Each structure stands twice: as structure tokens, then as C-alpha cells.
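**Student:** Let me give you the structure first, and then I'll get to my questions.
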Amino acid sequence: MKVFILKKRKYFIEAAKEFKVVVNGIVLQAALNLSAAQQNACFVGYTATKKLGKAHIRNRTKRRLRAAAALVLPEKGLAGVNYVLIGRHNTTTLDFSYLTKKLKEAVEAINLQIIEREQKNDQADNDKND
RNA sequence: UAAGACGGCCGGACAGUCGCGCCAUAGCUUGGACUAUGGUGAGGAAAGUCCGGGCAUCAGGGGAACAAGGCACCGGAUAACGUCCGGCUGGGGCAACCCAAGGGAAAGUGCCACAGAAAAUAACUGCCUGUCUAUAAGAUGGGCAAGGUUGAAAAGGCGAGGUAAGAGCUCACCGCGGUGGUGGCAACAUCAUUGGUCAAGGUAAACCCUGUCUGAUGCAAGACCAAGUUAGGAGCAUCAAGGUGUAUCUUUUUUAAGAUGCAAACCAGAUGAUAAGAGGCGUUCUCCCCUUACUCCAGAGGUGGGUCGCAAUGAGCUUUGAUAGCAAUAUCAAGCCCAGAUGAAUGGCUGUCGGUUUGAGCUUACUCAAAUUACAGAACCCGGCUUAUAGGCUGUCUUAUUUG
RNA sequence: GCGGGUAUAGCUCAGGGGUAGAGCGCAACCUUGCCAAGGUUGAUGUCGUGGGUUCAAAUCCCAUUGCCCGCU
């Protein structure tokens, strides 16, 4: 599974509207992306707001998110999904192994949501066809 | 030894492992969000954006007036500065040393609450005295500016003489001003002499005056490439008659095609020329020089694609050396090349050694354990200022005490 | 990256050198059988923070902190 970086503001907004899971240290959002599905890859973006602190704290937050995502997403990520990781105030202080564990849980949870939604849609399509 | 003053420097180190950006080279399924190897990768403040520049655009340059704003003891340093260095004056400290937006209040205007007779023109109270009425005292004329509960501030201070009462009215000392000498580039210091019409408080971080400096906008500047969109209006003359438009006619496939005419308007093109006019760095005026006719206004669409600017030649860097200077700094020599991203690299984890604090063993040392290890992240680039900062190293000096 | 504004009572805001104010809210009392409305009275500020100028600063100057906004 290849992991690429999200750069467009549009996709961040889409992700915020669709799926969302919150765990200790991380907020995870996601949305479907058809073009990514064709490449058999998923996209990931990182966000750290001004609320967290000054520039060096925000940079540190993004680095830890990036390091955690590099461990988790190649295995757990679904193809054709845009993930957005949002840092929280305790992201920099939490133990790193704990953070990765939590991220893994979050990704699994959000993947479940996405799959359920797709199955529903498929069923709906099937019903219509019938 | 204790207390203190002023500087300078550092801003954890090493190793392992998994990763990231950029550059170079090589490779490939040959142009990509690829792979390999090598190199390289945050600060003293990268911060705040408070000053000064470089650079870019407004075509370039000069002058006058006005406006707006900054600065303000003197000299020097510098590309420049509101920065720095050295001095002066005033204030603080026993001292080392520190602090100061530190020009002008006899150019003008304003303001000075409360209190106080009065906040600047004088008046009121008061002191002395002549005349009249006359018991006390009052009325009126003259002289005077010492005293008058206040206040941040009251028309030099203090003492003596002097007088009807008083008064720089006179004198001594101090202060203040003028002139001259000496020292100093100067601010200023000092000495001499002279001034009593000594000039009538404060406030200029109130307006202001004087001197001096400043064009505006900031790399989201700006240049090029690619893609896309478009109602309208304004701005010379001429030509030609292409497109479009429009009118008429013909054909018949009558929602079309063709022909001819027109050139008022629009689009596009060519030519001409200097007369007038328009635009061109805060405003007005002016001079030189130049430029534009596809320029300006307005509207529409879009939410921002790529390359350059932009990282190795610089106001560059150095625990280097020499020379000049008290110093800031300058010159010369030697050596060096040192981040360049754009949802934004410089990280995650582990170990060892450090620093600090606390506790225990405990005679300092030393050992063990725990905690802690700052402020903070380049975004066009430099010189400063300001603010934040755990902890540490180091130099010079002052005062006090003790010992030799 | 560049530029601007603001901070005053619990809340919303005046005041631009001389004793800090208004409205709403709060408290007490009056009115009522009780409540609301109404009336009377009262309390409430380190004027965001730290320096400076001044006799005197919320006000003028400098620095700083938080919040808000614009440019694209």
C-alpha cells in the first residue's frame, strides 16, 4: 500500500464532512477518493491548529503524527481513502508506542464505518435494480 | 571570605536503528509522488515586525512651494539607521558604575483641577504718611511692594546697611546673564571682568518654532510559460473594404444559401504625422528627457497550475594573523563556501556519558536512586533594536572584614 | 509573509491630562393577599500588564500580553 500526502484544501474539507473517530491524542477524519483507488493507494494529511501552541509545538505535533502514520497506514490503510490526522494538545507529550496503538484502533474503527456504508449503498443499488 | 558592578562566550556530547527534505552521480519496466550510492540540512534569539538598507515594480532625472511623518547635547564609526563607540552636562550610588526623547518657553497660541488674595495682566489684603470729620474709628490723597493660612509651582537666595514705611535702593557671599582670555575639532570647562531696566513661573512625550532626514508599495514585489473567461464605456487623423452587422434582391432544401449595396457602430488590419489633447512616482507648479494608443476605467470568470526570482561571490564567514585607532571600526594577508522547503524537510525509538536539584549511604571526596535538562523552528536577503531564555564557563573592577 | 484595530463594573459600551460614568443585571426597602411591572436607595473597578514624561496619566510616549479583522 502506497501512502501519499494530501495537499489540496478541498480534500481536507471533504474529509471533515464524512467520517470521524476521536481517540486520546488524535482526531481521525476520512473520505473516499476514487482516483486514489485506481492507483491502489491512500492519501494522508496532517493538521495542527493554532490552539495547540506556537510554531515549534505545531511542527512537533505534525512530526509525531507523521512518524505514527508511517508505521500504521501501510498495513491498515484502505485503498482509495483520504485520511486526515488532527493533532490534540497532548499529542506531543503522550508515549509514542501508546500513540501508535491508538492510531491503529482509530484507523480500524474508521475503516469499519467506511465498509458498512459501502455495503449499505450496494444493497440500496441492488434494491433499486430489483 | 562575603556582598556587589560591568562585560565576553556556550546553549548538552557520542553511538545504534527505522525514516524525511535538497543537491550530485548512476540505474531502470525511460519522465516519476521510482531505486541505489555519496554529500548536506535551524537560532542566539530563526520570534516580535520597531527602525535602517539591498532587491523588484511604478520609464529616468533635477528644482520650488505645501502637506504628512521621523529624529534632536557634541564628535566619530557605518552602505544606512532611531544603531554602535568616545566624550559633555544633569541626576542616583560609600564605590566599581548606572540612568536621561538632553534644541528653543524675551516668535506666537493654549492649558495649569482642588486650595489660595492672586496661576501671570493686575487687583485684594497689608505697611507708612498728609488732609478732613473726630470718642473709637471712618473718608480721601500720596508713597511702597517686605508680609499675607494655600499649593507641585508664587515676579533670585541669605545676611547686613538703609528708610516715614519699604524696595538690588546699597554692599558681602552664592546663583544667573553679557564680554574677553586659556584649554578643547566641538558640546563644554576654567579664569578674569562686567551687569541690579536680574530679563518677570511651569508645561514643547500640548500645538508650535528652528535644524535635519524621508517618493510609494513590498518576494503574496516582480518576470516568463501554460490554461481559461469577457456586458459595456472613454481615448487623434486617414486609408482600404476583410470579418461582423444591416438593407435589398434571387434561389428554394424557406429555421437555409448566394449576390449586390452601406461603413454610422463593433472586432481585426495598414499608413501618417506632428498640431492639439490624454496618462505617466503624496499635492500644486516647473525644467530636461522619454514613452504609450492597445492604454485606462469598468465588468466577467476563478480560488490560484508551473518555472524563475531563490540559496556559491555576498555591506559573506573565521576562538586566524598584522597594521592604524582609547574604542566603535577600517585596511591588508591567509583560509573557507555554509539550509532552501512550499499541507512546508532537519524526526521517532533505544543505549552510554554529562549538567542541575532532591534523597540515601556519608568525613569533604565518592557511590546509589529518583526527578529534571530552557526559550524556542529558517520561508527573499543583510545591519540593528526589542522581547523570551534551564543551566554553565570566563575576564576586569568596587566595597567590607579577616589573615600574612 | 505584510498591514490595521481593540482591551474601562457581572454583560454591552461612553469618557482623549484634574474626584471614573450610562444602560442592563445584582442587593435592600416600598407597593401587592402573592408574583411580575413600577418606584426609592445602595454596592460593584490594581481602567489588560510593565516602565517613562508630568505637580498629577484610564487619557501622552515606549515596550509587552491576549483577542479580533483585512490583504491572497
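Order determines the names: the first chain of the C-alpha cells is A, the second B, and so forth; residues in each chain are numbered 1 upward, and ligands are numbered 1 upward as they are shown.
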Please return, as a PDB file with N, CA, C and O atoms (P, O5', C5', C4', C3', O3' and C1' of nucleotides), in the first residue's frame, all residues of chain B lying within 12 Å of chain A when only C-alpha atoms (C1' of nucleotides) are considered.
**Tutor:**
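Final file, out-v4.pdb:
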```pdb
ATOM      1  P     C B  18      18.151  -0.042   9.813  1.00  0.00           P
ATOM      2  O5'   C B  18      16.739   0.696   9.848  1.00  0.00           O
ATOM      3  C5'   C B  18      15.554  -0.041  10.166  1.00  0.00           C
ATOM      4  C4'   C B  18      14.374   0.893  10.362  1.00  0.00           C
ATOM      5  C3'   C B  18      14.130   1.906   9.247  1.00  0.00           C
ATOM      6  O3'   C B  18      13.461   1.323   8.128  1.00  0.00           O
ATOM      7  C1'   C B  18      13.966   2.991  11.335  1.00  0.00           C
ATOM      8  P     G B  19      13.538   2.049   6.697  1.00  0.00           P
ATOM      9  O5'   G B  19      12.744   3.394   6.979  1.00  0.00           O
ATOM     10  C5'   G B  19      13.104   4.602   6.315  1.00  0.00           C
ATOM     11  C4'   G B  19      12.320   5.748   6.902  1.00  0.00           C
ATOM     12  C3'   G B  19      12.474   7.072   6.172  1.00  0.00           C
ATOM     13  O3'   G B  19      11.629   7.167   5.042  1.00  0.00           O
ATOM     14  C1'   G B  19      12.804   7.410   8.473  1.00  0.00           C
ATOM     15  P     C B  20      12.106   7.909   3.723  1.00  0.00           P
ATOM     16  O5'   C B  20      12.025   9.428   4.151  1.00  0.00           O
ATOM     17  C5'   C B  20      10.766   9.996   4.531  1.00  0.00           C
ATOM     18  C4'   C B  20      10.919  11.473   4.859  1.00  0.00           C
ATOM     19  C3'   C B  20      11.626  12.304   3.808  1.00  0.00           C
ATOM     20  O3'   C B  20      10.789  12.644   2.716  1.00  0.00           O
ATOM     21  C1'   C B  20      12.490  12.837   5.939  1.00  0.00           C
ATOM     22  P     A B  33       4.805  11.837 -10.307  1.00  0.00           P
ATOM     23  O5'   A B  33       5.130  12.042  -8.772  1.00  0.00           O
ATOM     24  C5'   A B  33       6.426  12.438  -8.316  1.00  0.00           C
ATOM     25  C4'   A B  33       6.680  11.869  -6.931  1.00  0.00           C
ATOM     26  C3'   A B  33       6.771  10.360  -6.873  1.00  0.00           C
ATOM     27  O3'   A B  33       7.650   9.965  -5.816  1.00  0.00           O
ATOM     28  C1'   A B  33       4.828  11.076  -5.734  1.00  0.00           C
ATOM     29  P     A B  42      21.836  21.659  10.797  1.00  0.00           P
ATOM     30  O5'   A B  42      20.967  22.571  11.710  1.00  0.00           O
ATOM     31  C5'   A B  42      19.714  23.072  11.254  1.00  0.00           C
ATOM     32  C4'   A B  42      19.672  24.570  11.512  1.00  0.00           C
ATOM     33  C3'   A B  42      19.843  24.911  12.990  1.00  0.00           C
ATOM     34  O3'   A B  42      20.445  26.181  13.072  1.00  0.00           O
ATOM     35  C1'   A B  42      17.721  25.641  12.257  1.00  0.00           C
ATOM     36  P     A B  46      18.379  36.314  14.901  1.00  0.00           P
ATOM     37  O5'   A B  46      17.621  35.139  14.159  1.00  0.00           O
ATOM     38  C5'   A B  46      16.231  34.932  14.366  1.00  0.00           C
ATOM     39  C4'   A B  46      15.726  33.967  13.332  1.00  0.00           C
ATOM     40  C3'   A B  46      14.225  33.747  13.345  1.00  0.00           C
ATOM     41  O3'   A B  46      13.566  34.692  12.560  1.00  0.00           O
ATOM     42  C1'   A B  46      15.330  31.678  13.427  1.00  0.00           C
ATOM     43  P     A B  47      11.972  34.994  12.802  1.00  0.00           P
ATOM     44  O5'   A B  47      11.630  34.206  14.163  1.00  0.00           O
ATOM     45  C5'   A B  47      10.386  33.555  14.381  1.00  0.00           C
ATOM     46  C4'   A B  47       9.654  34.214  15.516  1.00  0.00           C
ATOM     47  C3'   A B  47       9.492  35.719  15.330  1.00  0.00           C
ATOM     48  O3'   A B  47       8.526  36.086  14.378  1.00  0.00           O
ATOM     49  C1'   A B  47      10.398  35.315  17.449  1.00  0.00           C
ATOM     50  P     U B 303     -12.923  27.755  -8.517  1.00  0.00           P
ATOM     51  O5'   U B 303     -11.780  28.234  -7.513  1.00  0.00           O
ATOM     52  C5'   U B 303     -10.449  27.795  -7.709  1.00  0.00           C
ATOM     53  C4'   U B 303      -9.495  28.568  -6.830  1.00  0.00           C
ATOM     54  C3'   U B 303      -9.520  28.168  -5.357  1.00  0.00           C
ATOM     55  O3'   U B 303      -8.200  28.152  -4.851  1.00  0.00           O
ATOM     56  C1'   U B 303      -9.887  30.489  -5.584  1.00  0.00           C
ATOM     57  P     G B 304      -7.303  26.837  -4.890  1.00  0.00           P
ATOM     58  O5'   G B 304      -6.139  27.245  -5.885  1.00  0.00           O
ATOM     59  C5'   G B 304      -6.408  27.358  -7.264  1.00  0.00           C
ATOM     60  C4'   G B 304      -5.221  27.937  -7.974  1.00  0.00           C
ATOM     61  C3'   G B 304      -3.937  27.997  -7.146  1.00  0.00           C
ATOM     62  O3'   G B 304      -2.822  27.808  -8.006  1.00  0.00           O
ATOM     63  C1'   G B 304      -4.536  30.161  -7.819  1.00  0.00           C
ATOM     64  P     U B 342       8.556  21.169  -1.358  1.00  0.00           P
ATOM     65  O5'   U B 342       7.561  22.278  -0.831  1.00  0.00           O
ATOM     66  C5'   U B 342       6.661  21.987   0.253  1.00  0.00           C
ATOM     67  C4'   U B 342       5.780  23.188   0.549  1.00  0.00           C
ATOM     68  C3'   U B 342       4.674  23.440  -0.465  1.00  0.00           C
ATOM     69  O3'   U B 342       3.515  23.872   0.221  1.00  0.00           O
ATOM     70  C1'   U B 342       6.017  25.369  -0.247  1.00  0.00           C
ATOM     71  P     G B 343       2.193  23.040   0.006  1.00  0.00           P
ATOM     72  O5'   G B 343       2.281  21.912   1.113  1.00  0.00           O
ATOM     73  C5'   G B 343       2.783  22.211   2.415  1.00  0.00           C
ATOM     74  C4'   G B 343       2.092  21.355   3.444  1.00  0.00           C
ATOM     75  C3'   G B 343       1.860  19.922   3.019  1.00  0.00           C
ATOM     76  O3'   G B 343       2.101  19.069   4.145  1.00  0.00           O
ATOM     77  C1'   G B 343      -0.165  20.902   3.655  1.00  0.00           C
ATOM     78  P     A B 344       3.435  18.240   4.196  1.00  0.00           P
ATOM     79  O5'   A B 344       4.566  19.325   3.982  1.00  0.00           O
ATOM     80  C5'   A B 344       5.168  19.943   5.102  1.00  0.00           C
ATOM     81  C4'   A B 344       6.135  21.002   4.628  1.00  0.00           C
ATOM     82  C3'   A B 344       6.899  21.698   5.748  1.00  0.00           C
ATOM     83  O3'   A B 344       8.031  20.969   6.126  1.00  0.00           O
ATOM     84  C1'   A B 344       6.006  23.293   4.250  1.00  0.00           C
ATOM     85  P     A B 345       8.303  20.578   7.634  1.00  0.00           P
ATOM     86  O5'   A B 345       9.475  19.509   7.466  1.00  0.00           O
ATOM     87  C5'   A B 345       9.218  18.225   6.883  1.00  0.00           C
ATOM     88  C4'   A B 345      10.504  17.621   6.401  1.00  0.00           C
ATOM     89  C3'   A B 345      11.636  17.616   7.422  1.00  0.00           C
ATOM     90  O3'   A B 345      11.589  16.438   8.208  1.00  0.00           O
ATOM     91  C1'   A B 345      12.401  18.540   5.389  1.00  0.00           C
ATOM     92  P     U B 346      11.301  16.537   9.774  1.00  0.00           P
ATOM     93  O5'   U B 346      12.748  16.875  10.352  1.00  0.00           O
ATOM     94  C5'   U B 346      13.800  15.932  10.247  1.00  0.00           C
ATOM     95  C4'   U B 346      15.123  16.610  10.437  1.00  0.00           C
ATOM     96  C3'   U B 346      15.241  17.455  11.700  1.00  0.00           C
ATOM     97  O3'   U B 346      15.583  16.657  12.815  1.00  0.00           O
ATOM     98  C1'   U B 346      16.076  18.651   9.823  1.00  0.00           C
ATOM     99  P     G B 347      15.366  17.093  14.319  1.00  0.00           P
ATOM    100  O5'   G B 347      14.193  16.120  14.811  1.00  0.00           O
ATOM    101  C5'   G B 347      12.838  16.540  14.715  1.00  0.00           C
ATOM    102  C4'   G B 347      11.956  15.381  14.322  1.00  0.00           C
ATOM    103  C3'   G B 347      11.977  14.182  15.277  1.00  0.00           C
ATOM    104  O3'   G B 347      11.165  14.378  16.412  1.00  0.00           O
ATOM    105  C1'   G B 347      12.201  13.420  13.064  1.00  0.00           C
ATOM    106  P     G B 348      11.490  13.570  17.797  1.00  0.00           P
ATOM    107  O5'   G B 348      11.049  12.083  17.475  1.00  0.00           O
ATOM    108  C5'   G B 348       9.667  11.749  17.345  1.00  0.00           C
ATOM    109  C4'   G B 348       9.494  10.258  17.164  1.00  0.00           C
ATOM    110  C3'   G B 348      10.151   9.389  18.216  1.00  0.00           C
ATOM    111  O3'   G B 348       9.376   9.306  19.403  1.00  0.00           O
ATOM    112  C1'   G B 348      10.646   8.529  16.071  1.00  0.00           C
ATOM    113  P     C B 349      10.113   9.281  20.830  1.00  0.00           P
ATOM    114  O5'   C B 349      10.800   7.840  20.807  1.00  0.00           O
ATOM    115  C5'   C B 349       9.992   6.659  20.792  1.00  0.00           C
ATOM    116  C4'   C B 349      10.833   5.428  20.556  1.00  0.00           C
ATOM    117  C3'   C B 349      11.979   5.213  21.537  1.00  0.00           C
ATOM    118  O3'   C B 349      11.547   4.669  22.772  1.00  0.00           O
ATOM    119  C1'   C B 349      12.757   4.838  19.340  1.00  0.00           C
ATOM    120  P     C B 375      10.626  26.179  27.853  1.00  0.00           P
ATOM    121  O5'   C B 375      10.941  27.523  27.068  1.00  0.00           O
ATOM    122  C5'   C B 375      10.906  28.784  27.733  1.00  0.00           C
ATOM    123  C4'   C B 375      11.566  29.835  26.867  1.00  0.00           C
ATOM    124  C3'   C B 375      10.986  29.969  25.469  1.00  0.00           C
ATOM    125  O3'   C B 375       9.853  30.810  25.467  1.00  0.00           O
ATOM    126  C1'   C B 375      13.367  29.908  25.374  1.00  0.00           C
ATOM    127  P     A B 376       8.553  30.318  24.647  1.00  0.00           P
ATOM    128  O5'   A B 376       8.986  30.603  23.155  1.00  0.00           O
ATOM    129  C5'   A B 376       8.973  29.598  22.167  1.00  0.00           C
ATOM    130  C4'   A B 376      10.242  29.677  21.347  1.00  0.00           C
ATOM    131  C3'   A B 376      10.140  29.109  19.941  1.00  0.00           C
ATOM    132  O3'   A B 376       9.653  30.100  19.047  1.00  0.00           O
ATOM    133  C1'   A B 376      12.094  28.297  21.013  1.00  0.00           C
ATOM    134  P     G B 377       8.523  29.729  17.926  1.00  0.00           P
ATOM    135  O5'   G B 377       9.411  29.441  16.652  1.00  0.00           O
ATOM    136  C5'   G B 377      10.047  28.197  16.505  1.00  0.00           C
ATOM    137  C4'   G B 377      10.964  28.235  15.315  1.00  0.00           C
ATOM    138  C3'   G B 377      10.239  28.120  13.983  1.00  0.00           C
ATOM    139  O3'   G B 377      10.928  28.873  13.006  1.00  0.00           O
ATOM    140  C1'   G B 377      11.642  26.245  14.309  1.00  0.00           C
ATOM    141  P     A B 378      10.072  29.866  12.023  1.00  0.00           P
ATOM    142  O5'   A B 378      10.373  29.401  10.537  1.00  0.00           O
ATOM    143  C5'   A B 378      11.619  28.831  10.192  1.00  0.00           C
ATOM    144  C4'   A B 378      12.593  29.894   9.765  1.00  0.00           C
ATOM    145  C3'   A B 378      12.441  30.382   8.329  1.00  0.00           C
ATOM    146  O3'   A B 378      12.793  31.750   8.270  1.00  0.00           O
ATOM    147  C1'   A B 378      14.560  29.360   8.613  1.00  0.00           C
TER     148        A B 378
END
```
**Student:** Identify all residues of range 55-125 of chain A in helix (DSSP H, G or I) (DSSP on the backbone) and supply them as a VMD selection string.
**Tutor:** chain A and resid 55 to 76 96 to 125
**Student:** For G3 in chain C, which of B:U49, B:G181, B:U135, B:A322 is the closest residue, counting only C-alpha atoms (C1' of nucleotides)?
**Tutor:**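 The shortest atom-to-atom distance to G3 in chain C comes from B:U49.
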**Student:** So that I can check the surroundings of range 24-32 of chain C, please list as JSON, numbers by chain every protein, DNA and RNA residue that reaches within 9 Å of it, counting only C-alpha atoms (C1' of nucleotides) and ignoring chain neighbours fewer than 4 positions away.
**Tutor:** {"C": [10, 11, 12, 38, 39, 40, 41, 42, 43, 44]}
**Student:** Any idea what the distance is between C1' of U244 in chain B and C1' of G232 in chain B?
**Tutor:**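 Straight-line distance from C1' of U244 in chain B to C1' of G232 in chain B works out to 18.0 Å.
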**Student:** Give me, please, the distance in Å between CA of Gly80 in chain A and CA of Phe43 in chain A, quoted to one decimal.
**Tutor:**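 Those two atoms sit 7.8 Å apart.
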**Student:** Tell me, as a ChimeraX atom specification, which residues lie within 10 Å of Gly77 in chain A, counting only C-alpha atoms (C1' of nucleotides); anything in the same chain fewer than 6 positions away does not count.
**Tutor:** /A:1-3,41-44,69,83,104,107-108,110-111
**Student:** Record the distance separating CA of His89 in chain A and CA of Val27 in chain A, expressed in Å with one decimal.
**Tutor:**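 Interatomic distance here is 11.0 Å.
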**Student:** Excluding G12 in chain B and any residue of its chain fewer than 6 positions from it, enumerate the residues within 10 Å of it, using only C-alpha atoms (C1' of nucleotides), and give them as a short mmCIF file (atom, residue, chain, number, x, y, z; two decimals) with N, CA, C and O atoms (P, O5', C5', C4', C3', O3' and C1' of nucleotides), in the first residue's frame.
**Tutor:**
```cif
data_model
loop_
_atom_site.label_atom_id
_atom_site.label_comp_id
_atom_site.auth_asym_id
_atom_site.auth_seq_id
_atom_site.Cartn_x
_atom_site.Cartn_y
_atom_site.Cartn_z
P G B 354 29.68 10.17 33.81
"O5'" G B 354 29.76 11.69 33.38
"C5'" G B 354 28.58 12.47 33.32
"C4'" G B 354 28.81 13.75 32.55
"C3'" G B 354 28.23 14.98 33.21
"O3'" G B 354 29.17 15.57 34.10
"C1'" G B 354 27.40 14.82 31.00
P G B 355 28.70 15.91 35.62
"O5'" G B 355 27.74 17.16 35.40
"C5'" G B 355 28.24 18.34 34.79
"C4'" G B 355 27.13 19.33 34.54
"C3'" G B 355 26.23 19.60 35.73
"O3'" G B 355 26.80 20.53 36.64
"C1'" G B 355 24.90 19.23 33.81
P U B 373 12.28 19.08 31.94
"O5'" U B 373 13.80 19.38 31.55
"C5'" U B 373 14.37 20.66 31.83
"C4'" U B 373 15.81 20.71 31.37
"C3'" U B 373 16.05 20.37 29.90
"O3'" U B 373 15.87 21.51 29.09
"C1'" U B 373 17.66 19.26 31.29
#
```
**Student:** Can you pull out every residue within 12 Å of C174 in chain B, counting only C-alpha atoms (C1' of nucleotides), but drop anything in the same chain fewer than 6 positions away, and send it as a VMD selection string?
**Tutor:** chain B and resid 156 to 159
**Student:** So that I can check the surroundings of range 69-77 of chain B, please list as a PyMOL selection string every protein, DNA and RNA residue that reaches within 9 Å of it, counting only C-alpha atoms (C1' of nucleotides) and ignoring chain neighbours fewer than 6 positions away.
**Tutor:** chain B and resi 84-89+101-103+185-188+211-214+328-329
**Student:** Mind the document's chain letters and residue numbers, and return as JSON, numbers by chain the residues of chain A that DSSP labels strand (DSSP E or B).
**Tutor:** {"A": [2, 3, 4, 5, 19, 20, 21, 22, 23, 26, 27, 28, 29, 30, 31, 32, 41, 42, 43, 44, 45, 46, 47, 81, 82, 83, 84, 85, 86, 87]}
